[in-house]
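Chemist: Next comes the structure file upload-v2.cif, holding mmCIF, C-alpha atoms.
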```cif
data_protein
#
loop_
_atom_site.label_atom_id
_atom_site.label_comp_id
_atom_site.auth_asym_id
_atom_site.auth_seq_id
_atom_site.Cartn_x
_atom_site.Cartn_y
_atom_site.Cartn_z
CA MET B 1 -14.95 31.39 -28.66
CA LYS B 2 -17.00 30.12 -31.57
CA THR B 3 -20.46 29.19 -30.29
CA THR B 4 -21.49 26.64 -32.93
CA GLY B 5 -19.82 24.01 -35.09
CA ASN B 6 -17.41 22.90 -32.37
CA THR B 7 -16.69 19.47 -30.94
CA ILE B 8 -16.86 20.06 -27.18
CA LEU B 9 -15.84 17.82 -24.29
CA VAL B 10 -17.55 18.64 -20.97
CA THR B 11 -16.25 16.90 -17.84
CA GLY B 12 -18.54 16.46 -14.88
CA GLY B 13 -21.36 16.54 -17.38
CA THR B 14 -23.81 14.15 -15.74
CA GLY B 15 -25.49 16.77 -13.57
CA GLY B 16 -25.66 20.38 -12.46
CA ILE B 17 -23.76 23.06 -14.34
CA GLY B 18 -21.88 20.55 -16.51
CA GLU B 19 -25.01 18.84 -17.81
CA ALA B 20 -26.77 22.17 -18.36
CA LEU B 21 -23.81 23.51 -20.35
CA ALA B 22 -23.62 20.32 -22.40
CA LEU B 23 -27.30 20.50 -23.34
CA ARG B 24 -27.15 24.17 -24.28
CA PHE B 25 -23.99 23.72 -26.36
CA HIS B 26 -25.66 20.79 -28.11
CA GLU B 27 -28.77 22.85 -28.83
CA ALA B 28 -26.51 25.56 -30.30
CA GLY B 29 -25.25 23.19 -32.99
CA ASN B 30 -22.13 21.69 -31.45
CA THR B 31 -21.05 18.07 -31.22
CA VAL B 32 -20.90 17.39 -27.46
CA ILE B 33 -19.11 14.67 -25.53
CA VAL B 34 -20.16 14.36 -21.89
CA ALA B 35 -17.68 12.80 -19.46
CA GLY B 36 -18.49 11.57 -15.98
CA ARG B 37 -17.99 8.71 -13.55
CA ARG B 38 -21.44 7.11 -13.81
CA GLN B 39 -22.18 5.03 -16.89
CA ASP B 40 -25.90 4.92 -16.10
CA ARG B 41 -26.18 8.72 -16.12
CA LEU B 42 -24.13 8.97 -19.32
CA ASP B 43 -26.40 6.43 -20.99
CA ALA B 44 -29.52 8.27 -19.83
CA ILE B 45 -28.29 11.64 -21.15
CA ALA B 46 -27.32 10.11 -24.51
CA LYS B 47 -30.72 8.40 -24.77
CA ASP B 48 -32.70 11.53 -23.89
CA HIS B 49 -30.61 13.79 -26.12
CA PRO B 50 -29.65 12.01 -29.35
CA GLY B 51 -26.35 13.27 -30.69
CA ILE B 52 -24.70 13.71 -27.30
CA GLU B 53 -22.01 11.10 -26.63
CA GLY B 54 -21.06 9.84 -23.17
CA VAL B 55 -17.62 8.60 -22.11
CA VAL B 56 -16.67 7.41 -18.62
CA LEU B 57 -13.95 9.49 -16.96
CA ASP B 58 -12.48 9.34 -13.47
CA VAL B 59 -10.08 12.27 -13.11
CA ASP B 60 -8.51 10.92 -9.90
CA GLY B 61 -5.65 9.05 -11.58
CA GLU B 62 -3.13 10.11 -14.22
CA GLU B 63 -3.15 6.80 -16.10
CA GLY B 64 -6.93 6.84 -16.38
CA VAL B 65 -6.87 10.40 -17.73
CA GLN B 66 -4.27 9.46 -20.33
CA ARG B 67 -6.34 6.48 -21.50
CA PHE B 68 -9.45 8.62 -21.63
CA ALA B 69 -7.73 11.34 -23.67
CA ALA B 70 -6.42 8.80 -26.17
CA GLU B 71 -9.90 7.28 -26.58
CA VAL B 72 -11.59 10.67 -27.03
CA ILE B 73 -9.06 11.85 -29.62
CA ALA B 74 -9.43 8.59 -31.54
CA ARG B 75 -13.23 8.74 -31.51
CA PHE B 76 -13.58 12.50 -31.96
CA PRO B 77 -10.57 13.76 -33.93
CA LYS B 78 -12.23 17.17 -34.45
CA LEU B 79 -12.33 17.86 -30.71
CA ASN B 80 -11.48 21.54 -30.32
CA VAL B 81 -13.04 22.68 -27.02
CA LEU B 82 -12.40 21.33 -23.52
CA VAL B 83 -14.64 22.35 -20.61
CA ASN B 84 -12.98 21.39 -17.31
CA ASN B 85 -16.05 21.32 -15.10
CA ALA B 86 -15.74 18.17 -12.95
CA GLY B 87 -15.54 19.03 -9.27
CA ILE B 88 -16.55 18.06 -5.74
CA MET B 89 -17.28 20.19 -2.68
CA ARG B 90 -16.86 18.78 0.83
CA PHE B 91 -17.48 20.41 4.19
CA GLU B 92 -14.51 20.27 6.57
CA ASP B 93 -13.98 21.17 10.23
CA LEU B 94 -10.66 23.00 10.55
CA GLY B 95 -10.95 23.21 14.35
CA ARG B 96 -9.95 19.61 15.02
CA THR B 97 -7.55 16.93 13.84
CA ARG B 98 -9.41 14.91 11.23
CA ASP B 99 -9.14 12.38 8.44
CA LEU B 100 -7.89 14.32 5.41
CA LYS B 101 -9.51 12.11 2.79
CA ASP B 102 -12.07 14.77 1.86
CA ALA B 103 -9.32 17.35 1.37
CA GLU B 104 -7.16 14.95 -0.64
CA ASP B 105 -10.07 13.85 -2.84
CA THR B 106 -10.97 17.48 -3.48
CA ILE B 107 -7.43 18.31 -4.57
CA ALA B 108 -7.28 15.24 -6.83
CA THR B 109 -10.59 16.02 -8.55
CA ASN B 110 -10.70 19.83 -8.63
CA LEU B 111 -7.03 20.67 -9.14
CA LEU B 112 -5.07 17.70 -10.46
CA GLY B 113 -7.98 16.58 -12.66
CA PRO B 114 -8.09 19.69 -14.88
CA ILE B 115 -4.29 19.93 -14.94
CA ARG B 116 -3.95 16.30 -16.03
CA LEU B 117 -6.65 16.46 -18.68
CA THR B 118 -5.40 19.76 -20.09
CA ASN B 119 -1.90 18.30 -20.25
CA ALA B 120 -3.17 15.22 -22.07
CA LEU B 121 -5.12 17.21 -24.67
CA VAL B 122 -3.15 20.44 -25.14
CA GLU B 123 -1.12 19.32 -28.17
CA HIS B 124 -4.21 17.97 -29.92
CA LEU B 125 -6.16 21.15 -29.20
CA SER B 126 -3.28 23.34 -30.38
CA ALA B 127 -3.56 21.74 -33.81
CA GLN B 128 -7.29 22.49 -34.14
CA SER B 129 -9.04 25.55 -35.52
CA ASP B 130 -10.98 27.72 -33.04
CA ALA B 131 -9.63 25.77 -30.08
CA ALA B 132 -10.64 26.75 -26.56
CA ILE B 133 -10.26 25.59 -22.97
CA VAL B 134 -12.90 26.61 -20.42
CA ASN B 135 -11.98 26.14 -16.77
CA VAL B 136 -14.88 26.27 -14.32
CA THR B 137 -13.81 27.83 -11.03
CA SER B 138 -16.07 29.54 -8.48
CA GLY B 139 -16.82 32.83 -6.80
CA LEU B 140 -15.26 31.11 -3.78
CA ALA B 141 -11.89 31.34 -5.54
CA PHE B 142 -11.99 35.02 -4.59
CA VAL B 143 -13.82 35.05 -1.24
CA PRO B 144 -13.68 31.82 0.81
CA LEU B 145 -16.50 29.89 2.42
CA VAL B 146 -15.00 28.80 5.75
CA ALA B 147 -16.83 25.46 5.80
CA THR B 148 -15.25 24.33 2.48
CA PRO B 149 -11.61 25.41 2.75
CA THR B 150 -10.02 22.92 0.37
CA TYR B 151 -12.67 23.51 -2.28
CA ASN B 152 -11.99 27.25 -2.12
CA ALA B 153 -8.25 26.65 -2.33
CA THR B 154 -8.52 24.40 -5.39
CA LYS B 155 -10.69 26.92 -7.21
CA ALA B 156 -8.29 29.75 -6.35
CA ALA B 157 -5.46 27.59 -7.68
CA ILE B 158 -7.30 26.88 -10.94
CA HIS B 159 -7.98 30.60 -11.33
CA SER B 160 -4.26 31.29 -11.10
CA TYR B 161 -3.44 28.31 -13.32
CA THR B 162 -5.89 29.61 -15.91
CA VAL B 163 -4.19 33.00 -16.02
CA SER B 164 -0.85 31.29 -16.70
CA LEU B 165 -2.41 28.95 -19.25
CA ARG B 166 -4.00 31.86 -21.11
CA GLU B 167 -0.63 33.57 -21.50
CA ALA B 168 1.22 30.38 -22.40
CA LEU B 169 -1.31 29.40 -25.10
CA LYS B 170 -1.92 32.86 -26.52
CA GLY B 171 -2.40 32.61 -30.28
CA LYS B 172 -2.96 28.83 -30.10
CA ILE B 173 -5.88 28.11 -27.76
CA GLU B 174 -8.39 30.57 -26.30
CA VAL B 175 -8.50 30.13 -22.51
CA ILE B 176 -11.65 31.16 -20.64
CA GLU B 177 -12.58 31.04 -16.96
CA LEU B 178 -16.18 30.49 -15.88
CA ALA B 179 -16.67 31.45 -12.23
CA PRO B 180 -20.18 30.66 -10.95
CA PRO B 181 -21.83 32.11 -7.85
CA ALA B 182 -23.83 29.84 -5.53
CA VAL B 183 -26.12 27.97 -7.94
CA GLN B 184 -28.96 25.55 -7.20
CA THR B 185 -27.31 22.24 -8.13
CA GLY B 186 -26.49 18.95 -6.42
CA LEU B 187 -22.94 20.01 -5.56
CA THR B 188 -23.73 19.76 -1.82
CA PRO B 189 -26.69 18.10 -0.04
CA GLY B 190 -29.84 20.19 -0.31
CA GLN B 191 -28.31 22.77 -2.62
CA GLU B 192 -30.79 22.16 -5.47
CA THR B 193 -33.49 23.99 -3.52
CA ARG B 194 -31.44 26.22 -1.21
CA GLU B 195 -33.04 29.64 -0.82
CA GLY B 196 -30.94 32.54 -2.05
CA TYR B 197 -28.89 30.46 -4.48
CA MET B 198 -29.16 31.27 -8.20
CA PRO B 199 -31.58 28.99 -10.10
CA LEU B 200 -29.66 26.84 -12.58
CA PRO B 201 -31.72 27.76 -15.69
CA GLU B 202 -31.29 31.48 -14.95
CA PHE B 203 -27.55 30.98 -14.49
CA ILE B 204 -27.12 29.05 -17.74
CA ASP B 205 -29.14 31.61 -19.72
CA GLU B 206 -26.83 34.39 -18.55
CA VAL B 207 -23.70 32.30 -19.12
CA MET B 208 -24.66 31.46 -22.70
CA SER B 209 -25.35 35.12 -23.44
CA LEU B 210 -21.84 35.93 -22.23
CA PHE B 211 -20.28 33.17 -24.33
CA ALA B 212 -22.06 34.69 -27.35
CA LYS B 213 -20.31 38.04 -26.95
CA ALA B 214 -17.65 38.94 -29.51
CA PRO B 215 -14.96 38.70 -28.41
CA THR B 216 -15.76 36.18 -25.68
CA PRO B 217 -14.74 37.61 -22.29
CA PRO B 218 -11.71 35.88 -20.75
CA GLU B 219 -13.78 35.55 -17.57
CA ILE B 220 -17.44 34.52 -17.77
CA LEU B 221 -18.95 36.30 -14.77
CA VAL B 222 -22.70 36.51 -14.28
CA GLU B 223 -23.95 39.55 -12.40
CA ARG B 224 -24.51 37.56 -9.19
CA VAL B 225 -20.81 36.63 -8.86
CA GLN B 226 -19.41 40.14 -9.35
CA PHE B 227 -19.85 40.81 -5.61
CA LEU B 228 -17.28 38.09 -4.84
CA ARG B 229 -15.00 38.51 -7.84
CA HIS B 230 -14.32 42.19 -7.16
CA ALA B 231 -14.45 42.26 -3.35
CA GLU B 232 -10.70 42.75 -2.93
CA ARG B 233 -10.43 45.25 -5.77
CA ASP B 234 -13.23 47.31 -4.25
CA GLY B 235 -11.67 47.38 -0.78
CA ARG B 236 -14.41 45.36 0.95
CA PHE B 237 -12.81 41.91 1.20
CA ASP B 238 -13.09 41.41 5.00
CA GLU B 239 -16.66 42.65 5.00
CA THR B 240 -17.54 40.32 2.13
CA VAL B 241 -16.02 37.28 3.88
CA THR B 242 -18.31 37.97 6.84
CA GLN B 243 -21.39 38.57 4.68
CA LEU B 244 -20.83 35.49 2.54
CA ASN B 245 -20.38 33.14 5.47
CA GLU B 246 -23.32 34.53 7.42
CA PHE B 247 -25.53 34.13 4.34
CA ALA B 248 -24.36 30.57 3.65
CA ASN B 249 -24.73 29.47 7.27
CA LYS B 250 -28.27 30.84 7.48
CA ALA B 251 -29.25 29.27 4.16
CA ARG B 252 -28.07 25.83 5.24
CA ALA B 253 -29.60 26.18 8.71
CA ALA B 254 -32.98 27.08 7.19
CA GLN B 255 -33.03 23.66 5.53
CA GLY B 256 -32.40 21.91 8.85
#
```
Transcribe the structure of this file into structure tokens.
Modeler:
Amino acid sequence: MKTTGNTILVTGGTGGIGEALALRFHEAGNTVIVAGRRQDRLDAIAKDHPGIEGVVLDVDGEEGVQRFAAEVIARFPKLNVLVNNAGIMRFEDLGRTRDLKDAEDTIATNLLGPIRLTNALVEHLSAQSDAAIVNVTSGLAFVPLVATPTYNATKAAIHSYTVSLREALKGKIEVIELAPPAVQTGLTPGQETREGYMPLPEFIDEVMSLFAKAPTPPEILVERVQFLRHAERDGRFDETVTQLNEFANKARAAQG
């Protein structure tokens, strides 16, 4: 993936990993469009970082995604990189009958959202030079956190979808997966300061160094996520499930 001179759309770009990626891509000499649900946050980012554009996007509905894609293509005809980063993470109790709204919202945002937006933009991207799609998954796509079952499932699905997409678009669009470990962001309550999670600046520094490699790896995997990504390959999957969940439970409990 070319690291400068692109026109890059980052979804879920009003905070956390998405915002950090957007700022670093902008600093590297790319035109960056940040998409998110909150107009106030988009306006603040654009004001603080002249040259970054903000466009409201709600990935929950197909019609809204289609309208958004048409607007972005019209305003930014040189768009050649899509970063599917928007996502939510909800805790769920599988031991009782419950309202499934959290699960359904997670599927709509984390799975249908990237599929819909990729579908809406794939023909435009295919016609651009140096086109790329970056799908942000998670280390939890490979080893599940029991408390967030639907989140894990959507990320595992996007991992598989990305493999298919890479083969289908070979020679037209470069397809890259970015799988973060547990990072200090606002993805869940208290996570910004949770002990043992990777600091966001440290994570982004390592990610950008991986993007700069030639050729760009098909999977962007910082050192901290290798433990999860290769657990099954290395014959320690069951052990890693136990270790991951014990670590996460203790980290959340320590915050009260």
Chemist: Let me know the residues the PyMOL selection byres ((chain B and resi 141) around 10) catches in the file above, as a list in words.
Modeler: Thr137, Ser138, Gly139, Leu140, Phe142, Val143, Pro144, Leu145, Tyr151, Asn152, Ala153, Thr154, Lys155, Ala156, Ala157, Ile158, His159, Ser160, Ala179, Pro180, Leu228 and Arg229 of chain B
Chemist: In Å, with one decimal, what is the gap from CA of Glu192 (chain B) to CA of Thr14 (chain B)?
Modeler: 14.8 Å
Chemist: I need the residue nearest Glu206 (chain B) from this list: B:Lys101, B:Thr4, B:Leu221, B:Asn80. Use only C-alpha atoms for the distance.
Modeler: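 Residue with the minimum atom-to-atom distance to Glu206 (chain B): B:Leu221.
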Chemist: Could you tell me, as a list in words, which residues have any atom at most 9 Å from (-17.3, 19.3, -8.0), counting only C-alpha atoms?
Modeler: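 Collected hits near the coordinates: Gly12, Asn85, Ala86, Gly87, Ile88, Met89, Arg90, Thr106, Thr109, Asn110, Tyr151, Leu187 and Thr188 of chain B.
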Chemist: Please indicate the distance in Å from CA of Leu210 (chain B) to CA of Ile17 (chain B), rounded to one decimal place.
Modeler: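 The value is 15.2 Å.
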Chemist: Please compute the CA of Leu82 (chain B)-CA of Val134 (chain B) distance, one decimal, in Å.
Modeler: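 About the pair CA of Leu82 (chain B) and CA of Val134 (chain B): they are 6.1 Å apart.
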Chemist: Written as a list in words, what is the full residue list that the PyMOL selection byres ((chain B and resi 200) around 9) yields on the file shown?
Modeler: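 That selection, the PyMOL selection byres ((chain B and resi 200) around 9), comes back as Gly16, Ile17, Ala20, Val183, Gln184, Thr185, Glu192, Tyr197, Met198, Pro199, Pro201, Glu202, Phe203, Ile204 and Asp205 of chain B.
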Chemist: Take the PyMOL selection byres ((chain B and resi 69-75) around 9), apply it to the structure above, and return the hits as an MDAnalysis selection string.
Modeler: chainID B and resid 9 33 55 64:68 76:79 117 120:121 124
Chemist: Could you save the residues just selected, with C-alpha atoms, as a PDB file, in the frame of the given file?
Modeler:
```
ATOM      1  CA  LEU B   9     -15.840  17.820 -24.290  1.00  0.00           C
ATOM      2  CA  ILE B  33     -19.110  14.670 -25.530  1.00  0.00           C
ATOM      3  CA  VAL B  55     -17.620   8.600 -22.110  1.00  0.00           C
ATOM      4  CA  GLY B  64      -6.930   6.840 -16.380  1.00  0.00           C
ATOM      5  CA  VAL B  65      -6.870  10.400 -17.730  1.00  0.00           C
ATOM      6  CA  GLN B  66      -4.270   9.460 -20.330  1.00  0.00           C
ATOM      7  CA  ARG B  67      -6.340   6.480 -21.500  1.00  0.00           C
ATOM      8  CA  PHE B  68      -9.450   8.620 -21.630  1.00  0.00           C
ATOM      9  CA  PHE B  76     -13.580  12.500 -31.960  1.00  0.00           C
ATOM     10  CA  PRO B  77     -10.570  13.760 -33.930  1.00  0.00           C
ATOM     11  CA  LYS B  78     -12.230  17.170 -34.450  1.00  0.00           C
ATOM     12  CA  LEU B  79     -12.330  17.860 -30.710  1.00  0.00           C
ATOM     13  CA  LEU B 117      -6.650  16.460 -18.680  1.00  0.00           C
ATOM     14  CA  ALA B 120      -3.170  15.220 -22.070  1.00  0.00           C
ATOM     15  CA  LEU B 121      -5.120  17.210 -24.670  1.00  0.00           C
ATOM     16  CA  HIS B 124      -4.210  17.970 -29.920  1.00  0.00           C
TER      17      HIS B 124
END
```
Chemist: Which is closer to Val163 (chain B) than all the others in B:Glu219, B:Asp99, B:Glu123, B:Glu195, using all atoms listed in the file?
Modeler: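 Result for the nearest residue to Val163 (chain B): B:Glu219.
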Chemist: With a distance cut-off of 12 Å and all atoms listed in the file, select the neighbouring residues of Asp43 (chain B), excluding the residue or stretch itself and same-chain residues fewer than 6 positions from it, and output the selection as an mmCIF file with C-alpha atoms, in the frame of the given file.
Modeler:
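Listed below is the output, part-v2.cif:
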```
data_model
loop_
_atom_site.group_PDB
_atom_site.id
_atom_site.type_symbol
_atom_site.label_atom_id
_atom_site.label_comp_id
_atom_site.auth_asym_id
_atom_site.auth_seq_id
_atom_site.Cartn_x
_atom_site.Cartn_y
_atom_site.Cartn_z
ATOM 1 C CA GLY B 13 -21.360 16.540 -17.380
ATOM 2 C CA THR B 14 -23.810 14.150 -15.740
ATOM 3 C CA ILE B 33 -19.110 14.670 -25.530
ATOM 4 C CA VAL B 34 -20.160 14.360 -21.890
ATOM 5 C CA ALA B 35 -17.680 12.800 -19.460
ATOM 6 C CA GLY B 36 -18.490 11.570 -15.980
ATOM 7 C CA ARG B 37 -17.990 8.710 -13.550
ATOM 8 C CA HIS B 49 -30.610 13.790 -26.120
ATOM 9 C CA PRO B 50 -29.650 12.010 -29.350
ATOM 10 C CA GLY B 51 -26.350 13.270 -30.690
ATOM 11 C CA ILE B 52 -24.700 13.710 -27.300
ATOM 12 C CA GLU B 53 -22.010 11.100 -26.630
ATOM 13 C CA GLY B 54 -21.060 9.840 -23.170
ATOM 14 C CA VAL B 55 -17.620 8.600 -22.110
ATOM 15 C CA VAL B 56 -16.670 7.410 -18.620
#
```
Chemist: What's around Lys213 (chain B) at 10 Å? Count only C-alpha atoms, leave out sequence neighbours fewer than 4 positions away in its own chain, and write the answer as a PyMOL selection string.
Modeler: chain B and resi 1-3+208-209+217
Chemist: Rank nothing, just name the residue among B:Asn6, B:Asn119, B:Thr11, B:Asn245 nearest to Ala28 (chain B), using all atoms listed in the file.
Modeler: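 Ranking B:Asn6, B:Asn119, B:Thr11, B:Asn245 by distance to Ala28 (chain B), first place goes to B:Asn6.
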Chemist: Kindly indicate which residue among B:Ser129, B:Thr150, B:Thr7, B:Leu244 lies nearest to Pro181 (chain B), using all atoms listed in the file for the distances.
Modeler: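 Checking each candidate against Pro181 (chain B), we get B:Leu244 as the closest.
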Chemist: Using all atoms of region 17-24 of chain B listed in the file and a margin of 6 Å per side, can you give the axis-aligned box centre and edge lengths in Å to one decimal, as JSON?
Modeler:
```
{"center_x": -24.6, "center_y": 21.5, "center_z": -19.3, "size_x": 17.4, "size_y": 17.3, "size_z": 21.9}
```
Chemist: Within 7 Å of Ala131 (chain B), counting all atoms listed in the file, which residues qualify if same-chain residues fewer than 6 places away don't, as a list in words?
Modeler: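 The residues that qualify are Asn80, Val81, Leu125, Ile173 and Glu174 of chain B.
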Chemist: Store the residues picked out above, limited to C-alpha atoms, as an mmCIF file, in the coordinates of the input.
Modeler:
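Dumped to result_5.cif:
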```cif
data_model
loop_
_atom_site.group_PDB
_atom_site.id
_atom_site.type_symbol
_atom_site.label_atom_id
_atom_site.label_comp_id
_atom_site.auth_asym_id
_atom_site.auth_seq_id
_atom_site.Cartn_x
_atom_site.Cartn_y
_atom_site.Cartn_z
ATOM 1 C CA ASN B 80 -11.480 21.540 -30.320
ATOM 2 C CA VAL B 81 -13.040 22.680 -27.020
ATOM 3 C CA LEU B 125 -6.160 21.150 -29.200
ATOM 4 C CA ILE B 173 -5.880 28.110 -27.760
ATOM 5 C CA GLU B 174 -8.390 30.570 -26.300
#
```
Chemist: Using all atoms listed in the file for the distances, tell me which of B:Arg116, B:Arg252, B:Arg98, B:Arg41 is nearest to Gly15 (chain B).
Modeler: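 Going through B:Arg116, B:Arg252, B:Arg98, B:Arg41 one by one, the smallest distance to Gly15 (chain B) is for B:Arg41.
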